[in-house]
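Peer 1: What follows is a structure written as structure tokens; I'll ask about it next.
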Amino acid sequence: MRIDVFTLVPHAYAWLTEQQPVAGVLGTELELRLFNYRDSTPLRAGQVDDEPYGGGAGMVLRVDVVAAALEAAYGGEAPGPVIALTPKGRALTQAVVEELAALPAFTLLSSRFEGFDERIVEHLSTDAISVGPYVLSNGDLPAMLLLDAVARRLPGALAEGSGELESFSAELGGGLEYPHYTRPADFRGWPVPDVLLSGDHARVEAWRREQVT
Ligand SMILES: C[S@@+](CC[C@H](N)C(=O)[O-])C[C@H]1O[C@@H](n2cnc3c(N)ncnc32)[C@H](O)[C@@H]1O
């Protein structure tokens, strides 16, 4: 799949692209392109933002700047949904992650300052996603969060079997995964459940099923 991210800080994504699972699928299952609004801005001196009409604090990402960036990248229609990252969007859940991971392509628009000129959300985007009911300083942390969650659903991103049954997955009806334990078997008197040490695969499976129902 292809994911295009429009941002003011493409270099900030270097860390993400070096980490699993993104690193493991880059160039195979995932093509990630990073576009800097400043590279295509029609304004002078790399300007991308402006004061809000009606007054008020902060600067707003301009609609003509985002339109120019999309035009420069696509010359017309984007190849998939264009998603504005905004606290006012629909909530990012595992179901939304699965929905996005099944697409051939999508585009993320990140903002900062006081956010987007509303016409970007209304007319240049086809979707809006929030990573939670709180306000971050920019859309790049939300974009990276979403990229990580989508990348781990792509084929080959995880060791075989490890992503099959996870918290919030459809198989668990949106519930939580069973708890995990590793050595030592007893630490400070906090023991691992006996059943996990029993070597009885059927009992272990039954216990795990109980934990998620
Ligand atoms: C400081 S925020 C703007 C907040 C805006 N003034 C408001 O009150 O909704 C700057 C940018 O960070 C991103 N952002 C902040 N919180 C977010 C969240 N919870 N989910 C998605 N994006 C977020 C968005 O791209 C937003 O435009």
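Note on naming: chains are A, B, ... as they come in the structure tokens, residues start from 1 per chain, ligands start from 1 in the order shown.
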List as JSON, numbers by chain the protein and nucleic acid residues lying within 10 Å of ligand 1, with only C-alpha atoms and all ligand atoms counted.

Peer 2: {"A": [7, 57, 58, 59, 60, 61, 84, 85, 86, 87, 88, 89, 90, 91, 92, 108, 109, 110, 111, 112, 113, 114, 115, 116, 117, 118, 121, 128, 129, 130, 131, 132, 133, 134, 135, 136, 137, 138, 139, 140, 141, 142, 143, 145, 146]}

Peer 1: So which residues of chain A fall under strand (DSSP E) by DSSP, listed as a ChimeraX atom specification?

Peer 2: /A:2-7,31-36,49-50,60-61,82-91,105-109,127-130,186-187,190-191

Peer 1: Quick one: everything within 10 Å of Val48 of chain A, counting only C-alpha atoms, minus sequence neighbours fewer than 5 positions away in the same chain. Send it as a count of residues only.

Peer 2: 16

Peer 1: Enumerate the residues of segment 12-188 of chain A with a DSSP assignment of alpha helix (DSSP H), computed from the backbone, and present them as a VMD selection string.

Peer 2: chain A and resid 14 to 18 22 to 25 37 to 40 63 to 74 94 to 101 118 to 119 140 to 151

Peer 1: Quote the spacing between atom CA of Val82 of chain A and atom CA of Asn36 of chain A in Å to one decimal place.

Peer 2: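 Interatomic distance here is 15.7 Å.
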